[in-house]
file structure.txt (compact mmCIF, C-alpha atoms)
# COMPACT_ATOMS: atom_id res chain seq x y z
CA MET A 1 70.43 170.04 92.40
CA LYS A 2 71.15 169.35 96.07
CA PRO A 3 74.47 170.34 97.58
CA ALA A 4 77.09 167.77 98.53
CA PRO A 5 76.99 166.97 102.27
CA PHE A 6 78.70 169.46 104.55
CA ALA A 7 78.89 170.17 108.25
CA TYR A 8 77.53 173.39 109.68
CA ALA A 9 78.76 175.45 112.61
CA ARG A 10 77.28 178.60 114.08
CA ALA A 11 79.91 181.00 115.29
CA ALA A 12 78.69 183.11 118.19
CA THR A 13 81.72 185.40 118.16
CA LEU A 14 84.41 186.44 115.69
CA GLU A 15 86.98 184.58 117.81
CA GLU A 16 84.97 181.40 117.44
CA ALA A 17 84.80 181.94 113.67
CA PHE A 18 88.58 182.49 113.51
CA GLY A 19 89.09 179.28 115.48
CA LEU A 20 86.93 177.31 113.06
CA LEU A 21 88.71 178.88 110.09
CA ALA A 22 92.08 177.95 111.59
CA GLU A 23 90.90 174.41 112.20
CA HIS A 24 89.39 173.75 108.78
CA GLY A 25 91.38 176.02 106.49
CA ASP A 26 90.43 175.77 102.82
CA ASP A 27 87.76 173.17 103.61
CA ALA A 28 85.63 175.85 105.28
CA ARG A 29 83.50 178.59 103.77
CA ILE A 30 82.03 181.56 105.59
CA LEU A 31 78.24 181.70 105.31
CA ALA A 32 77.00 185.30 105.36
CA GLY A 33 73.79 185.98 103.40
CA GLY A 34 74.44 182.87 101.34
CA GLN A 35 72.76 184.23 98.22
CA SER A 36 75.73 183.40 96.00
CA LEU A 37 77.28 180.65 98.12
CA MET A 38 74.13 178.52 98.44
CA ALA A 39 73.54 178.70 94.69
CA THR A 40 77.08 177.50 93.95
CA LEU A 41 76.71 174.71 96.53
CA ASN A 42 73.36 173.65 95.04
CA MET A 43 74.96 173.48 91.61
CA ARG A 44 77.94 171.64 93.14
CA LEU A 45 80.35 174.19 91.76
CA SER A 46 81.79 174.19 95.26
CA ALA A 47 81.82 171.49 97.94
CA PRO A 48 83.28 172.72 101.23
CA GLU A 49 83.53 170.39 104.23
CA ILE A 50 81.98 172.89 106.58
CA LEU A 51 80.01 176.14 106.52
CA ILE A 52 80.77 178.63 109.25
CA ASP A 53 77.61 180.66 109.78
CA ILE A 54 78.43 184.19 110.99
CA ASN A 55 74.80 185.41 111.05
CA GLY A 56 74.63 185.04 114.81
CA ILE A 57 77.65 187.23 115.62
CA ASP A 58 76.62 190.45 117.34
CA GLY A 59 77.88 193.77 116.05
CA LEU A 60 78.52 192.82 112.43
CA ALA A 61 75.31 194.40 111.10
CA GLY A 62 74.19 197.98 111.10
CA ILE A 63 74.81 201.39 109.57
CA THR A 64 76.46 204.04 111.73
CA ASP A 65 77.23 207.72 111.21
CA ASP A 66 80.91 208.23 111.98
CA GLY A 67 81.01 211.96 111.32
CA ASP A 68 82.75 212.28 107.96
CA SER A 69 81.95 208.75 106.93
CA LEU A 70 79.36 205.99 107.11
CA ARG A 71 80.25 202.59 108.47
CA ILE A 72 78.25 199.70 107.08
CA GLY A 73 78.72 196.44 108.96
CA ALA A 74 79.53 193.46 106.75
CA MET A 75 76.37 191.58 107.76
CA THR A 76 74.03 194.46 106.94
CA ARG A 77 71.36 193.15 104.57
CA HIS A 78 70.92 194.83 101.18
CA ALA A 79 67.27 195.57 102.04
CA ASP A 80 68.30 197.51 105.13
CA VAL A 81 70.77 199.56 103.08
CA GLU A 82 68.10 200.13 100.43
CA GLU A 83 65.74 201.58 103.07
CA SER A 84 68.39 203.56 104.97
CA ASP A 85 67.95 207.35 105.07
CA LEU A 86 71.57 207.71 106.18
CA VAL A 87 72.78 205.92 103.06
CA ALA A 88 70.41 207.86 100.78
CA MET A 89 71.69 211.14 102.20
CA HIS A 90 75.42 210.44 102.48
CA ALA A 91 76.14 207.73 99.91
CA PRO A 92 73.40 208.12 97.28
CA MET A 93 75.31 205.96 94.78
CA ILE A 94 74.80 202.96 97.06
CA SER A 95 71.06 203.66 97.25
CA MET A 96 70.88 203.91 93.46
CA ALA A 97 72.74 200.61 93.10
CA MET A 98 70.50 198.66 95.48
CA GLN A 99 67.47 198.30 93.25
CA HIS A 100 69.70 196.71 90.61
CA ILE A 101 70.94 193.98 92.95
CA ALA A 102 68.93 190.86 92.17
CA HIS A 103 65.38 190.82 93.57
CA PRO A 104 63.60 191.75 96.84
CA ALA A 105 63.73 188.24 98.34
CA ILE A 106 67.47 188.08 97.69
CA ARG A 107 68.09 191.61 98.98
CA ASN A 108 66.30 190.63 102.20
CA ARG A 109 68.97 188.03 102.84
CA GLY A 110 72.10 189.06 100.94
CA THR A 111 74.69 191.16 102.74
CA VAL A 112 76.95 194.05 101.82
CA GLY A 113 80.03 192.27 103.15
CA GLY A 114 79.16 189.06 101.37
CA SER A 115 78.83 190.83 98.03
CA ILE A 116 82.12 192.67 98.48
CA ALA A 117 84.08 189.69 99.83
CA PHE A 118 82.75 187.43 97.06
CA ALA A 119 84.08 189.99 94.54
CA ASP A 120 82.09 189.01 91.50
CA PRO A 121 83.45 191.35 88.80
CA ALA A 122 79.92 192.02 87.52
CA ALA A 123 78.55 192.91 90.97
CA GLU A 124 77.50 196.44 91.84
CA LEU A 125 78.88 197.06 95.32
CA PRO A 126 82.58 196.36 94.68
CA ALA A 127 82.57 199.01 91.92
CA CYS A 128 80.65 201.46 94.15
CA ALA A 129 83.23 200.93 96.90
CA VAL A 130 86.09 201.77 94.53
CA ALA A 131 84.30 204.80 93.04
CA LEU A 132 83.50 206.21 96.48
CA GLY A 133 86.99 205.64 97.87
CA ALA A 134 85.70 203.29 100.57
CA THR A 135 87.86 201.48 103.11
CA MET A 136 87.45 197.83 104.05
CA THR A 137 87.96 196.58 107.58
CA ILE A 138 89.34 193.06 107.77
CA ALA A 139 89.62 191.18 111.06
CA GLY A 140 91.73 188.19 112.02
CA THR A 141 93.33 186.67 115.07
CA ASP A 142 95.98 189.42 114.97
CA GLY A 143 93.36 192.16 115.14
CA GLU A 144 91.92 194.52 112.57
CA ARG A 145 93.48 196.08 109.50
CA THR A 146 92.08 198.36 106.83
CA VAL A 147 92.52 198.21 103.08
CA ALA A 148 91.51 200.87 100.53
CA ALA A 149 88.84 199.62 98.13
CA GLU A 150 91.12 200.20 95.13
CA ASP A 151 93.67 197.79 96.65
CA PHE A 152 91.08 195.30 97.90
CA PHE A 153 90.06 193.56 94.68
CA HIS A 154 92.88 191.40 93.33
CA GLY A 155 91.13 189.58 90.50
CA LEU A 156 88.29 187.21 89.71
CA TYR A 157 86.76 186.41 93.14
CA GLU A 158 90.14 187.33 94.68
CA THR A 159 90.45 189.94 97.43
CA ALA A 160 92.82 191.19 100.10
CA VAL A 161 91.03 189.03 102.69
CA GLY A 162 93.64 186.46 103.68
CA PRO A 163 93.31 182.92 105.04
CA GLY A 164 91.68 183.00 108.46
CA GLU A 165 90.38 186.54 108.03
CA ILE A 166 86.86 187.97 107.75
CA LEU A 167 85.67 191.23 106.21
CA THR A 168 83.80 193.01 109.01
CA ALA A 169 82.86 196.45 107.68
CA ILE A 170 83.06 198.95 104.86
CA THR A 171 83.58 202.64 105.59
CA ILE A 172 82.41 205.16 102.99
CA PRO A 173 83.35 208.85 103.02
CA LYS A 174 80.20 210.98 103.02
CA ILE A 175 79.44 212.79 99.79
CA SER A 176 80.18 216.47 100.28
CA GLY A 177 80.68 219.81 98.57
CA ASN A 178 80.00 219.74 94.86
CA TRP A 179 80.43 215.99 94.47
CA LYS A 180 77.65 214.15 92.70
CA SER A 181 77.06 210.46 92.13
CA GLY A 182 75.57 208.57 89.23
CA PHE A 183 74.88 204.87 88.77
CA LEU A 184 73.59 202.88 85.83
CA GLU A 185 73.87 199.36 84.50
CA LEU A 186 72.69 197.53 81.43
CA ALA A 187 71.30 194.02 81.85
CA ARG A 188 69.08 191.88 79.65
CA ARG A 189 66.59 191.34 82.46
CA HIS A 190 66.01 193.31 85.64
CA GLY A 191 68.01 191.77 88.48
CA ASP A 192 70.43 189.87 86.28
CA TYR A 193 74.11 190.54 86.59
CA ALA A 194 74.98 193.53 84.46
CA ILE A 195 76.49 193.21 81.00
CA ILE A 196 78.32 196.35 82.01
CA GLY A 197 77.65 199.06 84.58
CA LEU A 198 79.05 202.42 85.66
CA CYS A 199 79.60 204.05 89.03
CA ALA A 200 80.36 207.73 88.42
CA HIS A 201 81.48 210.09 91.14
CA ALA A 202 82.43 213.62 90.15
CA GLU A 203 82.90 217.13 91.40
CA ILE A 204 80.62 219.40 89.39
CA ASP A 205 80.63 223.14 90.05
CA GLY A 206 78.03 225.11 88.14
CA GLY A 207 78.03 222.57 85.32
CA THR A 208 81.83 222.33 85.10
CA PHE A 209 83.50 219.04 85.97
CA GLY A 210 86.38 218.85 88.43
CA ASP A 211 87.88 215.60 89.68
CA ALA A 212 85.96 212.53 88.55
CA ARG A 213 86.01 208.79 88.97
CA LEU A 214 84.46 206.45 86.44
CA VAL A 215 84.44 202.87 87.70
CA PHE A 216 82.97 200.11 85.55
CA PHE A 217 81.77 196.66 86.56
CA GLY A 218 81.37 193.75 84.17
CA ALA A 219 84.35 195.26 82.37
CA GLY A 220 87.21 193.11 83.64
CA ASP A 221 88.20 190.64 86.35
CA ARG A 222 87.54 193.30 89.05
CA PRO A 223 86.10 196.82 89.22
CA VAL A 224 87.79 198.83 86.48
CA SER A 225 88.55 202.48 87.16
CA ALA A 226 89.00 204.46 83.93
CA THR A 227 91.90 206.50 85.26
CA GLN A 228 93.04 207.71 81.84
CA THR A 229 89.61 208.80 80.64
CA ALA A 230 88.18 210.40 83.79
CA PRO A 231 90.68 213.34 83.86
CA LEU A 232 89.46 214.39 80.40
CA LEU A 233 86.33 215.71 82.13
CA LYS A 234 88.23 218.20 84.25
CA GLY A 235 87.40 221.82 83.55
CA LYS A 236 84.81 220.90 80.93
CA THR A 237 81.07 221.41 80.74
CA TRP A 238 78.83 218.64 79.43
CA SER A 239 78.19 218.61 75.70
CA GLY A 240 77.62 216.11 72.93
CA ASP A 241 81.17 216.72 71.83
CA LEU A 242 82.58 215.94 75.27
CA ALA A 243 80.42 212.79 75.41
CA ASP A 244 81.89 211.65 72.10
CA ARG A 245 85.44 212.25 73.31
CA ILE A 246 84.83 210.35 76.56
CA ALA A 247 83.22 207.44 74.68
CA GLU A 248 86.18 207.28 72.28
CA ALA A 249 88.71 207.41 75.11
CA LEU A 250 86.89 204.56 76.88
CA LYS A 251 87.12 202.44 73.76
CA GLU A 252 90.89 202.86 73.96
CA GLU A 253 91.17 202.35 77.70
CA LEU A 254 88.75 199.51 78.44
CA ASP A 255 89.46 195.90 77.56
CA PRO A 256 86.28 194.12 78.66
CA PRO A 257 85.82 190.35 78.46
CA GLU A 258 83.69 188.43 76.01
CA ASP A 259 80.93 186.11 77.18
CA LEU A 260 77.55 184.81 76.05
CA ASN A 261 75.89 188.18 76.69
CA ALA A 262 78.25 190.45 74.81
CA ASP A 263 81.61 190.59 73.12
CA GLY A 264 84.35 193.11 73.86
CA PRO A 265 83.44 195.71 71.21
CA MET A 266 79.79 195.68 72.32
CA ARG A 267 80.79 196.25 75.93
CA ARG A 268 83.14 199.09 74.90
CA HIS A 269 80.27 200.65 72.96
CA LEU A 270 77.91 200.27 75.92
CA ALA A 271 80.46 201.96 78.20
CA GLY A 272 79.99 205.08 76.09
CA VAL A 273 76.21 204.72 76.29
CA LEU A 274 76.42 204.52 80.09
CA VAL A 275 78.60 207.62 80.25
CA ARG A 276 76.11 209.63 78.17
CA ARG A 277 73.14 208.51 80.21
CA THR A 278 74.87 209.07 83.55
CA LEU A 279 77.14 212.12 83.30
CA GLY A 280 74.73 214.36 81.37
CA PRO A 281 72.00 214.17 84.04
CA MET A 282 74.67 214.49 86.79
CA ALA A 283 75.71 217.79 85.19
CA GLY A 284 72.08 218.90 85.17
CA GLN A 285 71.61 218.29 81.46
CA GLY A 286 70.11 215.65 79.21
CA GLU A 287 72.11 212.85 77.65
CA MET B 1 82.25 166.46 111.93
CA ASP B 2 78.57 166.07 112.57
CA LYS B 3 76.60 166.59 109.40
CA ASN B 4 73.27 166.48 111.25
CA ILE B 5 71.91 169.32 113.27
CA ASP B 6 68.95 169.98 115.58
CA VAL B 7 66.64 172.82 114.62
CA THR B 8 63.67 174.39 116.33
CA MET B 9 61.57 177.01 114.59
CA THR B 10 58.04 178.31 114.42
CA VAL B 11 56.28 177.42 111.19
CA ASN B 12 52.88 178.98 110.52
CA GLY B 13 52.54 179.66 114.23
CA GLU B 14 53.48 176.18 115.46
CA THR B 15 56.78 175.24 117.05
CA VAL B 16 58.58 172.35 115.37
CA THR B 17 61.81 170.58 116.30
CA ARG B 18 63.64 168.21 113.98
CA GLN B 19 67.08 166.79 113.37
CA VAL B 20 68.12 167.44 109.78
CA GLU B 21 71.13 167.03 107.55
CA ALA B 22 73.04 170.31 107.59
CA ARG B 23 72.74 170.54 103.82
CA THR B 24 68.91 170.39 103.87
CA ASN B 25 67.63 173.67 102.53
CA LEU B 26 64.65 175.40 104.07
CA VAL B 27 62.16 174.63 101.32
CA ASP B 28 63.03 170.90 101.32
CA PHE B 29 62.69 170.93 105.09
CA LEU B 30 59.22 172.45 104.81
CA ARG B 31 58.16 170.03 102.08
CA TYR B 32 59.69 166.73 103.22
CA GLU B 33 59.90 167.07 106.99
CA LEU B 34 56.69 169.02 107.55
CA GLY B 35 54.66 168.03 104.47
CA LEU B 36 54.07 171.67 103.54
CA THR B 37 54.22 171.18 99.78
CA GLY B 38 52.73 174.53 98.86
CA SER B 39 56.19 176.04 98.56
CA HIS B 40 57.57 174.79 95.28
CA VAL B 41 61.05 173.83 94.15
CA GLY B 42 61.99 175.12 90.74
CA CYS B 43 65.52 176.05 89.77
CA GLU B 44 67.25 175.51 93.15
CA HIS B 45 69.67 178.35 92.56
CA GLY B 46 67.68 181.43 93.39
CA PHE B 47 66.39 182.47 89.98
CA CYS B 48 62.79 181.36 89.72
CA GLY B 49 61.21 182.43 93.01
CA ALA B 50 58.90 179.38 93.29
CA CYS B 51 60.28 178.57 96.76
CA THR B 52 59.66 182.04 98.24
CA VAL B 53 58.69 181.87 101.94
CA ARG B 54 58.65 184.41 104.78
CA VAL B 55 61.32 184.26 107.48
CA ASP B 56 61.16 186.70 110.38
CA GLY B 57 58.81 188.97 108.48
CA ARG B 58 60.68 189.09 105.17
CA ILE B 59 60.47 186.96 102.04
CA VAL B 60 63.48 184.81 101.22
CA ARG B 61 64.43 182.13 98.74
CA GLY B 62 63.76 178.80 100.46
CA CYS B 63 66.46 177.19 98.32
CA LEU B 64 69.19 179.68 99.30
CA MET B 65 69.03 179.11 103.02
CA VAL B 66 69.71 175.91 104.91
CA ALA B 67 67.08 174.85 107.44
CA ALA B 68 69.71 175.08 110.17
CA GLN B 69 69.85 178.84 109.58
CA ALA B 70 66.16 179.13 110.42
CA ASP B 71 66.76 177.87 113.96
CA GLY B 72 64.75 180.16 116.21
CA ALA B 73 63.08 181.86 113.26
CA ASP B 74 59.42 182.62 112.58
CA VAL B 75 58.61 181.01 109.23
CA TRP B 76 55.42 181.46 107.22
CA THR B 77 54.43 179.57 104.09
CA ILE B 78 51.56 179.83 101.64
CA GLU B 79 49.60 177.35 103.79
CA GLY B 80 49.87 179.61 106.84
CA VAL B 81 49.00 182.90 105.20
CA THR B 82 46.07 181.19 103.46
CA ASP B 83 44.72 179.85 106.77
CA THR B 84 44.97 183.21 108.51
CA GLY B 85 43.15 184.92 105.65
CA GLU B 86 45.95 187.45 105.32
CA ILE B 87 46.11 187.20 101.55
CA ARG B 88 42.47 186.39 100.84
CA ALA B 89 41.88 189.52 98.74
CA LEU B 90 44.94 188.78 96.64
CA GLN B 91 43.93 185.16 96.13
CA ASP B 92 40.39 186.13 95.13
CA ALA B 93 41.79 188.67 92.68
CA PHE B 94 44.10 186.01 91.18
CA VAL B 95 41.05 183.85 90.47
CA GLU B 96 39.02 186.78 89.19
CA ARG B 97 41.75 188.06 86.85
CA ASN B 98 42.96 184.63 85.69
CA ALA B 99 46.39 185.39 87.09
CA LEU B 100 47.48 181.76 86.98
CA GLN B 101 47.28 178.81 84.67
CA CYS B 102 49.42 175.90 85.87
CA GLY B 103 49.84 177.43 89.32
CA PHE B 104 53.42 176.38 89.87
CA CYS B 105 54.70 179.92 90.43
CA THR B 106 51.59 181.07 92.30
CA PRO B 107 52.54 180.36 95.95
CA GLY B 108 55.88 182.15 95.53
CA MET B 109 54.21 184.94 93.59
CA LEU B 110 51.61 185.42 96.34
CA MET B 111 54.23 185.46 99.11
CA THR B 112 56.16 188.11 97.18
CA LEU B 113 53.07 190.17 96.45
CA ALA B 114 51.97 190.02 100.09
CA GLU B 115 55.26 191.73 100.96
CA LEU B 116 54.75 194.26 98.17
CA MET B 117 51.26 195.13 99.47
CA GLU B 118 52.70 195.66 102.93
CA ARG B 119 55.92 197.50 102.12
CA ARG B 120 55.09 199.28 98.86
CA PRO B 121 51.32 199.71 98.97
CA ASP B 122 51.41 202.53 96.42
CA ALA B 123 53.59 200.78 93.82
CA ASP B 124 52.55 201.56 90.26
CA ARG B 125 52.38 198.88 87.56
CA GLU B 126 56.04 199.30 86.64
CA GLU B 127 57.10 199.03 90.27
CA ILE B 128 54.92 195.95 90.78
CA ARG B 129 56.62 194.28 87.82
CA GLU B 130 60.00 195.20 89.22
CA PHE B 131 59.08 193.73 92.60
CA ILE B 132 58.05 190.40 91.05
CA SER B 133 60.98 190.38 88.61
CA GLY B 134 62.48 187.54 90.65
CA ASN B 135 59.37 185.36 90.33
CA PHE B 136 59.07 183.61 87.00
CA CYS B 137 55.70 182.75 85.50
CA ARG B 138 55.93 180.73 82.30
CA CYS B 139 52.18 180.55 81.54
CA THR B 140 50.25 183.79 81.79
CA GLY B 141 52.83 186.46 81.43
CA TYR B 142 52.62 189.09 84.08
CA GLN B 143 49.83 191.38 82.88
CA ALA B 144 47.04 189.50 84.66
CA ILE B 145 49.13 189.20 87.82
CA VAL B 146 49.66 192.96 87.94
CA ASP B 147 45.94 193.43 87.25
CA ALA B 148 45.18 191.19 90.22
CA VAL B 149 47.36 193.26 92.52
CA GLU B 150 45.59 196.43 91.49
CA MET B 151 42.23 194.75 91.95
CA ALA B 152 43.16 193.45 95.38
CA ARG B 153 44.17 196.94 96.41
CA GLY B 154 40.77 198.15 95.30
CA LYS B 155 42.19 200.41 92.64
CA ALA B 156 40.26 201.15 89.52
CA GLY B 157 43.39 201.12 87.38
CA ALA B 158 43.25 197.44 86.40
CA ALA B 159 42.77 196.97 82.67
CA SER B 160 39.43 195.38 81.93

call {"tool": "encode", "arguments": {"input": "structure.txt", "output": "structure tokens"}}
result
Amino acid sequence: MKPAPFAYARAATLEEAFGLLAEHGDDARILAGGQSLMATLNMRLSAPEILIDINGIDGLAGITDDGDSLRIGAMTRHADVEESDLVAMHAPMISMAMQHIAHPAIRNRGTVGGSIAFADPAAELPACAVALGATMTIAGTDGERTVAAEDFFHGLYETAVGPGEILTAITIPKISGNWKSGFLELARRHGDYAIIGLCAHAEIDGGTFGDARLVFFGAGDRPVSATQTAPLLKGKTWSGDLADRIAEALKEELDPPEDLNADGPMRRHLAGVLVRRTLGPMAGQGE
Amino acid sequence: MDKNIDVTMTVNGETVTRQVEARTNLVDFLRYELGLTGSHVGCEHGFCGACTVRVDGRIVRGCLMVAAQADGADVWTIEGVTDTGEIRALQDAFVERNALQCGFCTPGMLMTLAELMERRPDADREEIREFISGNFCRCTGYQAIVDAVEMARGKAGAAS
């Protein structure tokens, strides 16, 4: 279908974008990469009065090394993240996730900030951000503020970004010491939204787990961190027995939704499958 | 609010200026304003890949970008890359390997594969399939298309 008519404004600066947001309020939508927004407009699931295009604002794109962390500008395209050596070295989970995000033509256009601000509960990057302990930078007319990823996602398509504000960057602590990352998702077709996926980030010293974070996507109305199950890994080495215990604990802890692709019990089962396929190799062993 | 907007862009090497409705997407602009009907319109929500065109050196979905966003951009369509001969080997291989039947997906498929040949010249069959996973073909399946890529690259690996 064709979208309902809308007006279009190019913001040259953040201030200009804030002004347009203040003027149009809920009738305006920010246009970043547009790879989700344009589809919803074409299907007339959404009909804003005006699109505020922020693609022309300088300084919103790019990946910078900030010492202990990486800063990824909100308008950085997925394809640029996918090809970034900095990201591969310091945030390998993000690199692993990239190839699962839709398809090359969409990754050429879609942005990191757009994906995170849209907050689709089945999307990869919101869950990565939570697993990696990232920080979001949000700007508004009153200046900048930062929000921890775990406090950023409030529900289905709901985030900490308030009226008149724009997400401008995500800051990710560099992987260090004995920390290892794993990423896997299960989808019916490559590039589809996941039925369920796992971002695993764990300290592993000589095969023994330390602190660990297991964050699932497609498992709730936002990224779901399995905070009861993950501590069970601590002090353990990987084994079939441990895998069984983790899978069982996840069945207790997770309460995933039902949709056309899978019901709750199937998703709970698949969470265990993901854990086996991800944590075993992270610990230097098979599934 | 003005729902029309002036755009100027380069399409297949020629500069064009038009006034369009803000909601006009890039592929409709190319088809209806410029008569470049080689780029096809399939699903209109980013799934099928039939509208794939090149903007500033990278393939994009023509249905997921409004024409106004291409202001100042360098746009190439199947017509342009055919005229320059850039994808001749790929097109010849498509004919040779029977990599199309109805041809609806073919322009988008070729635009995508041109980017694959440039950016991932050593992709194996699995990687080629992954790269075209966003381009749906409902006639041939993908075997012959992957064969054509291998043939165009001059590799002996194509199944005979």

call {"tool": "closest_atom_pairs", "arguments": {"input": "structure.txt", "of": "chain B", "to": "chain A", "cutoff": "9 Å", "atoms": "all atoms listed in the file", "output": "Markdown table"}}
result
| residue | atom | partner | partner_atom | distance |
| --- | --- | --- | --- | --- |
| B:Met1 | CA | A:Ala7 | CA | 6.2 |
| B:Asp2 | CA | A:Ala7 | CA | 6.0 |
| B:Lys3 | CA | A:Ala7 | CA | 4.4 |
| B:Asn4 | CA | A:Ala7 | CA | 7.4 |
| B:Ile5 | CA | A:Tyr8 | CA | 7.8 |
| B:Glu21 | CA | A:Pro5 | CA | 7.9 |
| B:Ala22 | CA | A:Tyr8 | CA | 5.8 |
| B:Arg23 | CA | A:Pro5 | CA | 5.8 |
| B:Thr24 | CA | A:Lys2 | CA | 8.2 |
| B:Asn25 | CA | A:Lys2 | CA | 8.5 |
| B:Cys43 | CA | A:Met1 | CA | 8.2 |
| B:Glu44 | CA | A:Met1 | CA | 6.4 |
| B:His45 | CA | A:Ala39 | CA | 4.4 |
| B:Gly46 | CA | A:Ala39 | CA | 6.6 |
| B:Gly49 | CA | A:Ala105 | CA | 8.3 |
| B:Thr52 | CA | A:Ala105 | CA | 7.4 |
| B:Val53 | CA | A:Ala105 | CA | 8.9 |
| B:Arg58 | CA | A:Asn108 | CA | 6.5 |
| B:Ile59 | CA | A:Ala105 | CA | 5.1 |
| B:Val60 | CA | A:Ala105 | CA | 4.5 |
| B:Arg61 | CA | A:Ala105 | CA | 6.2 |
| B:Cys63 | CA | A:Met38 | CA | 7.8 |
| B:Leu64 | CA | A:Met38 | CA | 5.1 |
| B:Met65 | CA | A:Gly34 | CA | 6.8 |
| B:Val66 | CA | A:Met38 | CA | 8.3 |
| B:Ala68 | CA | A:Tyr8 | CA | 8.0 |
| B:Gln69 | CA | A:Asp53 | CA | 8.0 |
| B:Thr112 | CA | A:Ala105 | CA | 7.7 |
| B:Glu130 | CA | A:His190 | CA | 7.2 |
| B:Phe131 | CA | A:Pro104 | CA | 6.5 |
| B:Ile132 | CA | A:His103 | CA | 7.8 |
| B:Ser133 | CA | A:His190 | CA | 6.5 |
| B:Gly134 | CA | A:His103 | CA | 5.3 |
| B:Asn135 | CA | A:His103 | CA | 8.7 |

call {"tool": "write_last_selection", "arguments": {"input": "structure.txt", "atoms": "C-alpha atoms", "output": "PDB file, in the coordinates of the input"}}
result
ATOM      1  CA  MET B   1      82.250 166.460 111.930  1.00  0.00           C
ATOM      2  CA  ASP B   2      78.570 166.070 112.570  1.00  0.00           C
ATOM      3  CA  LYS B   3      76.600 166.590 109.400  1.00  0.00           C
ATOM      4  CA  ASN B   4      73.270 166.480 111.250  1.00  0.00           C
ATOM      5  CA  ILE B   5      71.910 169.320 113.270  1.00  0.00           C
ATOM      6  CA  GLU B  21      71.130 167.030 107.550  1.00  0.00           C
ATOM      7  CA  ALA B  22      73.040 170.310 107.590  1.00  0.00           C
ATOM      8  CA  ARG B  23      72.740 170.540 103.820  1.00  0.00           C
ATOM      9  CA  THR B  24      68.910 170.390 103.870  1.00  0.00           C
ATOM     10  CA  ASN B  25      67.630 173.670 102.530  1.00  0.00           C
ATOM     11  CA  CYS B  43      65.520 176.050  89.770  1.00  0.00           C
ATOM     12  CA  GLU B  44      67.250 175.510  93.150  1.00  0.00           C
ATOM     13  CA  HIS B  45      69.670 178.350  92.560  1.00  0.00           C
ATOM     14  CA  GLY B  46      67.680 181.430  93.390  1.00  0.00           C
ATOM     15  CA  GLY B  49      61.210 182.430  93.010  1.00  0.00           C
ATOM     16  CA  THR B  52      59.660 182.040  98.240  1.00  0.00           C
ATOM     17  CA  VAL B  53      58.690 181.870 101.940  1.00  0.00           C
ATOM     18  CA  ARG B  58      60.680 189.090 105.170  1.00  0.00           C
ATOM     19  CA  ILE B  59      60.470 186.960 102.040  1.00  0.00           C
ATOM     20  CA  VAL B  60      63.480 184.810 101.220  1.00  0.00           C
ATOM     21  CA  ARG B  61      64.430 182.130  98.740  1.00  0.00           C
ATOM     22  CA  CYS B  63      66.460 177.190  98.320  1.00  0.00           C
ATOM     23  CA  LEU B  64      69.190 179.680  99.300  1.00  0.00           C
ATOM     24  CA  MET B  65      69.030 179.110 103.020  1.00  0.00           C
ATOM     25  CA  VAL B  66      69.710 175.910 104.910  1.00  0.00           C
ATOM     26  CA  ALA B  68      69.710 175.080 110.170  1.00  0.00           C
ATOM     27  CA  GLN B  69      69.850 178.840 109.580  1.00  0.00           C
ATOM     28  CA  THR B 112      56.160 188.110  97.180  1.00  0.00           C
ATOM     29  CA  GLU B 130      60.000 195.200  89.220  1.00  0.00           C
ATOM     30  CA  PHE B 131      59.080 193.730  92.600  1.00  0.00           C
ATOM     31  CA  ILE B 132      58.050 190.400  91.050  1.00  0.00           C
ATOM     32  CA  SER B 133      60.980 190.380  88.610  1.00  0.00           C
ATOM     33  CA  GLY B 134      62.480 187.540  90.650  1.00  0.00           C
ATOM     34  CA  ASN B 135      59.370 185.360  90.330  1.00  0.00           C
TER      35      ASN B 135
END

call {"tool": "axis_aligned_box", "arguments": {"input": "structure.txt", "around": "stretch 40-59 of chain A", "padding_each_side": "4 Å", "output": "JSON"}}
result
{"center_x": 78.4, "center_y": 182.1, "center_z": 104.5, "size_x": 18.2, "size_y": 31.4, "size_z": 33.7}

call {"tool": "residues_around", "arguments": {"input": "structure.txt", "residues": "B:Ala99", "least_positions_apart": "4", "cutoff": "10 Å", "atoms": "all atoms listed in the file", "output": "MDAnalysis selection string"}}
result
chainID B and resid 91 93:95 103 106 137 139:149

call {"tool": "residues_around", "arguments": {"input": "structure.txt", "residues": "A:Thr76", "least_positions_apart": "4", "cutoff": "6 Å", "atoms": "all atoms listed in the file", "output": "VMD selection string"}}
result
chain A and resid 61 to 62 111 to 112

call {"tool": "residues_around", "arguments": {"input": "structure.txt", "residues": "A:Leu70", "least_positions_apart": "6", "cutoff": "9 Å", "atoms": "only C-alpha atoms", "output": "PyMOL selection string"}}
result
chain A and resi 63-64+86-87+90-91+170-174

call {"tool": "write_last_selection", "arguments": {"input": "structure.txt", "atoms": "C-alpha atoms", "output": "PDB file, in the frame of the given file"}}
result
ATOM      1  CA  ILE A  63      74.810 201.390 109.570  1.00  0.00           C
ATOM      2  CA  THR A  64      76.460 204.040 111.730  1.00  0.00           C
ATOM      3  CA  LEU A  86      71.570 207.710 106.180  1.00  0.00           C
ATOM      4  CA  VAL A  87      72.780 205.920 103.060  1.00  0.00           C
ATOM      5  CA  HIS A  90      75.420 210.440 102.480  1.00  0.00           C
ATOM      6  CA  ALA A  91      76.140 207.730  99.910  1.00  0.00           C
ATOM      7  CA  ILE A 170      83.060 198.950 104.860  1.00  0.00           C
ATOM      8  CA  THR A 171      83.580 202.640 105.590  1.00  0.00           C
ATOM      9  CA  ILE A 172      82.410 205.160 102.990  1.00  0.00           C
ATOM     10  CA  PRO A 173      83.350 208.850 103.020  1.00  0.00           C
ATOM     11  CA  LYS A 174      80.200 210.980 103.020  1.00  0.00           C
TER      12      LYS A 174
END
